[in-house]
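Working notes for the structure below.
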Amino acid sequence: MKFNKLFYKSFNFWLGFIMFLGGISLFPAVAPNNPVFSNWWWINLAEFLFGLSLLIEGLIQKPKNSRK
């Protein structure tokens, strides 16, 4: 595994960054009229985890396939 030095050129990295930032909104305190484990909470958690996985994928350089 190598670090991808050109990660900022990857569409998946930027999509993951936006999804990661959007998913962070689940961390603040929950309002009294909003239950913690509502459907939106689970969707927000999935968005956060998917964004995190795309960020990690963008930072890791993929091995080049030498066989063709």
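Ordering of the structure tokens sets the chain letters (A, B, ...); residue numbers start at 1 within each chain; ligands are numbered from 1 in the order shown.
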So that I can see what lies close to Phe7 (chain A), please list as a PyMOL selection string the residues with an atom at most 12 Å from it, counting only C-alpha atoms and leaving out residues fewer than 3 positions away in the same chain. chain A and resi 2-4+10-17+54-62
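Separating CA of Pro63 (chain A) from CA of Met19 (chain A) is a distance of 25.6 Å.
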